[in-house]
file my_file20.txt (compact mmCIF, C-alpha atoms)
# COMPACT_ATOMS: atom_id res chain seq x y z
CA MET A 419 -45.26 -4.57 54.74
CA LYS A 420 -46.17 -3.11 51.36
CA ARG A 421 -43.26 -0.67 51.65
CA MET A 422 -40.88 -3.54 52.46
CA LYS A 423 -42.13 -5.52 49.47
CA LEU A 424 -41.63 -2.53 47.15
CA LYS A 425 -38.04 -2.11 48.37
CA ASP A 426 -37.40 -5.85 47.93
CA ASN A 427 -38.83 -5.75 44.39
CA LYS A 428 -36.63 -2.77 43.55
CA LYS A 429 -33.53 -4.52 44.88
CA PHE A 430 -34.45 -7.64 42.94
CA LYS A 431 -34.83 -5.67 39.69
CA ILE A 432 -31.48 -3.97 40.26
CA PHE A 433 -29.88 -7.35 40.97
CA ILE A 434 -31.34 -8.82 37.76
CA GLY A 435 -30.18 -5.77 35.80
CA VAL A 436 -26.63 -6.12 37.08
CA ILE A 437 -26.60 -9.82 36.20
CA LEU A 438 -27.82 -9.07 32.67
CA ILE A 439 -25.16 -6.41 32.20
CA ILE A 440 -22.46 -8.83 33.35
CA LEU A 441 -23.76 -11.58 31.05
CA LEU A 442 -23.91 -9.20 28.09
CA GLY A 443 -20.37 -8.06 28.82
CA ILE A 444 -19.11 -11.63 28.97
CA GLY A 445 -21.00 -12.46 25.78
CA SER A 446 -19.60 -9.46 23.95
CA PHE A 447 -16.08 -10.29 25.11
CA GLY A 448 -16.48 -13.90 24.01
CA PHE A 449 -17.89 -12.92 20.62
CA GLY A 450 -15.16 -10.33 20.13
CA THR A 451 -12.54 -12.89 21.08
CA PHE A 452 -13.68 -15.76 18.90
CA LYS A 453 -15.35 -13.78 16.13
CA PRO A 454 -13.54 -10.41 15.94
CA ASN A 455 -14.64 -7.98 13.26
CA SER A 456 -12.53 -7.36 10.18
CA TYR A 457 -11.31 -3.97 11.45
CA ILE A 458 -9.85 -5.57 14.59
CA LEU A 459 -8.27 -8.35 12.53
CA ASP A 460 -6.68 -5.82 10.17
CA LYS A 461 -5.23 -3.85 13.09
CA ILE A 462 -3.84 -6.98 14.72
CA THR A 463 -2.32 -8.14 11.42
CA GLU A 464 -0.80 -4.70 10.80
CA ARG A 465 0.73 -4.65 14.29
CA ILE A 466 2.25 -8.12 13.81
CA GLU A 467 3.66 -7.17 10.40
CA ILE A 468 5.25 -4.01 11.82
CA GLN A 469 6.88 -6.06 14.59
CA GLN A 470 8.13 -8.59 12.03
CA SER A 471 9.65 -5.81 9.93
CA LYS A 472 11.50 -4.43 12.96
CA ILE A 473 12.90 -7.88 13.71
CA ALA A 474 13.99 -8.30 10.08
CA VAL A 475 15.82 -4.96 10.15
CA THR A 476 17.49 -5.91 13.45
CA LEU A 477 18.68 -9.17 11.88
CA GLY A 478 20.41 -7.27 9.10
CA LEU A 479 17.80 -6.96 6.34
CA HIS A 480 19.28 -4.66 3.72
CA GLU A 481 18.29 -3.20 0.39
CA PRO A 482 19.08 -5.57 -2.50
CA GLU A 483 21.37 -4.62 -5.36
CA PHE A 484 19.57 -3.43 -8.47
CA VAL A 485 21.49 -5.11 -11.27
CA TYR A 486 20.10 -5.60 -14.78
CA THR A 487 21.27 -5.95 -18.36
CA ASP A 488 17.99 -6.48 -20.21
CA GLN A 489 14.23 -6.35 -19.73
CA THR A 490 14.01 -9.71 -17.97
CA SER A 491 16.72 -8.91 -15.42
CA PHE A 492 15.19 -5.45 -14.93
CA ILE A 493 11.85 -7.06 -13.99
CA LEU A 494 13.59 -9.39 -11.53
CA ALA A 495 15.50 -6.46 -9.98
CA VAL A 496 12.24 -4.53 -9.47
CA ARG A 497 10.63 -7.61 -7.93
CA LYS A 498 13.50 -8.01 -5.43
CA CYS A 499 13.07 -4.38 -4.36
CA VAL A 500 9.31 -4.82 -3.95
CA ASN A 501 9.86 -7.92 -1.78
CA TYR A 502 12.33 -5.95 0.33
CA ILE A 503 9.95 -2.99 0.71
CA ASN A 504 7.10 -5.31 1.66
CA PHE A 505 9.01 -6.37 4.78
CA THR A 506 8.43 -2.89 6.20
CA THR A 507 5.02 -2.22 4.64
CA PRO A 508 1.75 -3.46 6.20
CA HIS A 509 -0.14 -5.83 3.92
CA SER A 510 -2.99 -3.36 3.41
CA LEU A 511 -0.57 -0.70 2.08
CA ARG A 512 1.37 -2.85 -0.37
CA VAL A 513 1.26 -2.32 -4.14
CA PRO A 514 1.15 -5.57 -6.15
CA SER A 515 4.55 -6.36 -7.62
CA LEU A 516 3.18 -6.95 -11.12
CA LEU A 517 1.82 -3.40 -11.24
CA VAL A 518 5.09 -1.94 -9.92
CA GLU A 519 7.09 -3.88 -12.53
CA ALA A 520 4.81 -2.75 -15.36
CA GLN A 521 4.85 0.93 -14.40
CA ALA A 522 8.58 0.98 -13.73
CA GLY A 523 9.15 -0.59 -17.15
CA LEU A 524 6.88 1.81 -19.00
CA GLU A 525 8.09 4.95 -17.23
CA SER A 526 11.81 4.19 -17.50
CA GLY A 527 12.02 2.32 -20.81
CA TRP A 528 12.91 -0.79 -18.81
CA GLY A 529 15.68 1.08 -17.04
CA THR A 530 17.22 2.70 -20.14
CA SER A 531 15.96 6.28 -19.74
CA ARG A 532 18.28 9.13 -18.79
CA PHE A 533 16.34 9.70 -15.58
CA ALA A 534 16.69 6.03 -14.60
CA ILE A 535 20.41 5.79 -15.40
CA GLU A 536 21.57 9.14 -14.00
CA GLY A 537 18.99 9.76 -11.29
CA ASN A 538 17.72 6.27 -10.33
CA ALA A 539 14.24 7.57 -11.16
CA LEU A 540 12.08 4.72 -12.43
CA PHE A 541 8.69 6.47 -12.40
CA GLY A 542 9.43 10.04 -13.48
CA VAL A 543 7.93 11.47 -10.29
CA ARG A 544 8.01 15.26 -10.51
CA THR A 545 8.76 17.81 -7.82
CA TRP A 546 8.30 21.57 -7.65
CA ASP A 547 10.44 21.90 -4.53
CA PRO A 548 13.80 23.46 -5.55
CA LYS A 549 15.40 22.07 -2.38
CA LEU A 550 14.91 18.45 -3.46
CA PRO A 551 17.50 16.74 -5.72
CA GLN A 552 16.12 16.70 -9.25
CA MET A 553 16.87 16.52 -12.95
CA LYS A 554 15.49 18.89 -15.55
CA PRO A 555 14.23 17.58 -18.88
CA LYS A 556 16.73 18.18 -21.69
CA ASP A 557 14.17 19.94 -23.85
CA ASN A 558 13.15 22.24 -20.98
CA PRO A 559 16.18 22.94 -18.75
CA LYS A 560 14.53 25.99 -17.18
CA ALA A 561 11.35 24.18 -16.15
CA VAL A 562 9.95 25.10 -12.72
CA TRP A 563 9.71 21.39 -11.96
CA GLY A 564 12.13 18.52 -12.16
CA VAL A 565 12.14 14.73 -11.93
CA LYS A 566 13.09 13.56 -8.43
CA VAL A 567 16.53 11.99 -8.02
CA TYR A 568 17.19 9.07 -5.64
CA LYS A 569 20.22 7.43 -4.05
CA SER A 570 19.07 4.07 -5.37
CA LYS A 571 16.42 2.59 -7.64
CA CYS A 572 14.84 0.79 -4.68
CA GLN A 573 14.32 4.18 -3.04
CA SER A 574 12.57 5.30 -6.20
CA ILE A 575 10.19 2.34 -5.84
CA GLN A 576 9.62 3.16 -2.17
CA ASP A 577 8.72 6.75 -3.06
CA TYR A 578 6.30 5.49 -5.71
CA VAL A 579 4.59 3.24 -3.14
CA ASN A 580 4.38 6.19 -0.72
CA LEU A 581 2.88 8.33 -3.49
CA LEU A 582 0.07 5.86 -4.18
CA ASN A 583 -0.59 5.49 -0.46
CA ARG A 584 -0.74 9.19 0.40
CA HIS A 585 -1.49 11.45 -2.57
CA PRO A 586 -5.13 12.63 -2.91
CA ALA A 587 -5.02 11.87 -6.65
CA TYR A 588 -4.89 8.13 -5.88
CA LYS A 589 -7.73 7.93 -3.38
CA ASP A 590 -9.71 5.72 -5.78
CA PHE A 591 -6.72 3.40 -6.10
CA ARG A 592 -6.57 2.97 -2.33
CA GLU A 593 -10.30 2.29 -2.08
CA GLN A 594 -10.19 -0.31 -4.85
CA ARG A 595 -7.14 -1.96 -3.31
CA GLU A 596 -8.79 -2.15 0.11
CA GLU A 597 -11.72 -4.09 -1.38
CA MET A 598 -9.34 -6.40 -3.23
CA VAL A 599 -7.21 -7.07 -0.17
CA MET A 600 -10.38 -8.05 1.70
CA ALA A 601 -11.39 -10.33 -1.18
CA GLY A 602 -7.90 -11.82 -1.38
CA ILE A 603 -7.34 -11.16 -5.10
CA TYR A 604 -6.21 -8.21 -7.22
CA ASN A 605 -8.18 -7.03 -10.23
CA TYR A 606 -5.50 -5.24 -12.25
CA GLU A 607 -7.95 -3.82 -14.78
CA LYS A 608 -9.83 -1.93 -12.05
CA LEU A 609 -6.65 -0.83 -10.27
CA ILE A 610 -5.15 0.55 -13.46
CA ASP A 611 -8.33 2.47 -14.27
CA THR A 612 -7.66 4.57 -11.14
CA LEU A 613 -4.21 5.67 -12.38
CA THR A 614 -5.25 8.01 -15.19
CA LEU A 615 -3.55 10.96 -13.44
CA PHE A 616 -0.18 9.23 -13.29
CA SER A 617 0.62 10.25 -16.86
CA THR A 618 -0.42 12.93 -19.34
CA ASN A 619 -0.60 10.26 -22.06
CA PRO A 620 -4.32 9.69 -22.82
CA ASN A 621 -3.54 6.06 -23.72
CA TYR A 622 -1.57 5.40 -20.54
CA THR A 623 -3.99 3.01 -18.84
CA THR A 624 -4.40 1.02 -22.08
CA LEU A 625 -0.60 0.69 -22.39
CA LEU A 626 -0.29 -0.25 -18.72
CA LYS A 627 -2.95 -2.96 -18.98
CA ALA A 628 -1.21 -4.43 -22.02
CA THR A 629 2.12 -4.40 -20.17
CA VAL A 630 0.65 -6.13 -17.12
CA ASN A 631 -0.86 -8.82 -19.34
CA LYS A 632 2.50 -9.27 -21.06
CA LEU A 633 4.25 -9.66 -17.69
CA LYS A 634 1.65 -12.23 -16.60
CA VAL A 635 2.69 -14.39 -19.55
CA ILE A 636 6.40 -13.93 -18.79
CA THR A 637 5.85 -14.77 -15.12
CA ALA A 638 3.81 -17.86 -16.00
CA ASN A 639 6.66 -19.13 -18.17
call {"tool": "encode", "arguments": {"input": "my_file20.txt", "output": "structure tokens"}}
result
Amino acid sequence: MKRMKLKDNKKFKIFIGVILIILLGIGSFGFGTFKPNSYILDKITERIEIQQSKIAVTLGLHEPEFVYTDQTSFILAVRKCVNYINFTTPHSLRVPSLLVEAQAGLESGWGTSRFAIEGNALFGVRTWDPKLPQMKPKDNPKAVWGVKVYKSKCQSIQDYVNLLNRHPAYKDFREQREEMVMAGIYNYEKLIDTLTLFSTNPNYTTLLKATVNKLKVITAN
């Protein structure tokens, strides 16, 4: 009898254990369904955005023309390209348009530089790969590096976005942006402070901040 009772108790404990496991599984599933963590939400959002971009391309989304005659029209042309690029870029990997406009303006003299006019290069991105299309600086035609040349100015902006998203030098930029995307607001001062390596000019970040603030006023008006 004692042996039978021990077996029954063991079966009962196993039964209770199985029930608890099932209940915990159901609870976890329910919690994950109705209160998913931020990582899961980000992945779902990214997947949806990628699908949307594919649909947009299928429907005939095409690169906008980059037409400008002055600083104001240059800013608008950059903005159109950024909006186009954002269709195929997950939200977490986007660069705020205001920052793109400011850097493109500073680096290209608002589209008037030789590199911008002849090579569609808005950011002066350098390459040391002789196989890539490039332009040499006039004062150093034998330089081992050159400024990358693009088929269009929108492609120059796309390469700039890729650079900030992939290059080790801009790891801090990506970390700051991730926090800001989660918070739902960009802090341009902090973002710009991570771009000290973008230029050899020691006053670059100060100039960039001033340009962003100037564009904020223009945009507001």
call {"tool": "closest_atom_pairs", "arguments": {"input": "my_file20.txt", "of": "range 498-567 of chain A", "to": "range 575-594 of chain A", "cutoff": "8 Å", "atoms": "all atoms listed in the file", "output": "CSV"}}
result
residue,atom,partner,partner_atom,distance
A:Cys499,CA,A:Ile575,CA,7.5
A:Val500,CA,A:Ile575,CA,7.5
A:Ile503,CA,A:Gln576,CA,6.8
A:Leu511,CA,A:Asn583,CA,6.7
A:Arg512,CA,A:Val579,CA,7.4
A:Val513,CA,A:Val579,CA,6.6
A:Val518,CA,A:Ile575,CA,7.8
A:Leu540,CA,A:Ile575,CA,7.3
A:Phe541,CA,A:Tyr578,CA,7.2
A:Val543,CA,A:Tyr578,CA,7.7
call {"tool": "residues_near_point", "arguments": {"input": "my_file20.txt", "point": "(6.3, -16.1, -13.4)", "cutoff": "12 Å", "atoms": "all atoms listed in the file", "output": "ChimeraX atom specification"}}
result
/A:490,493-494,497,515-516,631-639
call {"tool": "atom_distance", "arguments": {"input": "my_file20.txt", "atom1": "CA of Ile603 in chain A", "atom2": "CA of Leu625 in chain A"}}
result
22.0 Å
call {"tool": "closest_residue", "arguments": {"input": "my_file20.txt", "among": "A:His509, A:Val567, A:Gln573, A:Pro559", "to": "Thr545 in chain A", "atoms": "all atoms listed in the file"}}
result
A:Val567
call {"tool": "closest_residue", "arguments": {"input": "my_file20.txt", "among": "A:Cys572, A:Asn558, A:Leu517, A:Asn619", "to": "Glu607 in chain A", "atoms": "all atoms listed in the file"}}
result
A:Leu517
call {"tool": "atom_distance", "arguments": {"input": "my_file20.txt", "atom1": "CA of Tyr604 in chain A", "atom2": "CA of Pro514 in chain A"}}
result
7.9 Å
call {"tool": "atom_distance", "arguments": {"input": "my_file20.txt", "atom1": "CA of Glu536 in chain A", "atom2": "CA of Met553 in chain A"}}
result
8.8 Å
call {"tool": "closest_residue", "arguments": {"input": "my_file20.txt", "among": "A:Ala601, A:Ala495, A:Leu524, A:Val565", "to": "Tyr622 in chain A", "atoms": "only C-alpha atoms"}}
result
A:Leu524
call {"tool": "residues_near_point", "arguments": {"input": "my_file20.txt", "point": "(18.9, 6.3, -12.0)", "cutoff": "9 Å", "atoms": "all atoms listed in the file", "output": "list in words"}}
result
Gly529, Ser531, Arg532, Phe533, Ala534, Ile535, Glu536, Gly537, Asn538, Ala539, Leu540, Val567, Tyr568, Lys569, Ser570, Lys571 and Ser574 of chain A
call {"tool": "write_last_selection", "arguments": {"input": "my_file20.txt", "atoms": "C-alpha atoms", "output": "PDB file, keeping the file's coordinate frame"}}
result
ATOM      1  CA  GLY A 529      15.680   1.080 -17.040  1.00  0.00           C
ATOM      2  CA  SER A 531      15.960   6.280 -19.740  1.00  0.00           C
ATOM      3  CA  ARG A 532      18.280   9.130 -18.790  1.00  0.00           C
ATOM      4  CA  PHE A 533      16.340   9.700 -15.580  1.00  0.00           C
ATOM      5  CA  ALA A 534      16.690   6.030 -14.600  1.00  0.00           C
ATOM      6  CA  ILE A 535      20.410   5.790 -15.400  1.00  0.00           C
ATOM      7  CA  GLU A 536      21.570   9.140 -14.000  1.00  0.00           C
ATOM      8  CA  GLY A 537      18.990   9.760 -11.290  1.00  0.00           C
ATOM      9  CA  ASN A 538      17.720   6.270 -10.330  1.00  0.00           C
ATOM     10  CA  ALA A 539      14.240   7.570 -11.160  1.00  0.00           C
ATOM     11  CA  LEU A 540      12.080   4.720 -12.430  1.00  0.00           C
ATOM     12  CA  VAL A 567      16.530  11.990  -8.020  1.00  0.00           C
ATOM     13  CA  TYR A 568      17.190   9.070  -5.640  1.00  0.00           C
ATOM     14  CA  LYS A 569      20.220   7.430  -4.050  1.00  0.00           C
ATOM     15  CA  SER A 570      19.070   4.070  -5.370  1.00  0.00           C
ATOM     16  CA  LYS A 571      16.420   2.590  -7.640  1.00  0.00           C
ATOM     17  CA  SER A 574      12.570   5.300  -6.200  1.00  0.00           C
TER      18      SER A 574
END
call {"tool": "axis_aligned_box", "arguments": {"input": "my_file20.txt", "around": "range 590-595 of chain A", "padding_each_side": "5 Å", "output": "JSON"}}
result
{"center_x": -8.4, "center_y": 1.9, "center_z": -4.1, "size_x": 13.7, "size_y": 17.7, "size_z": 14.0}
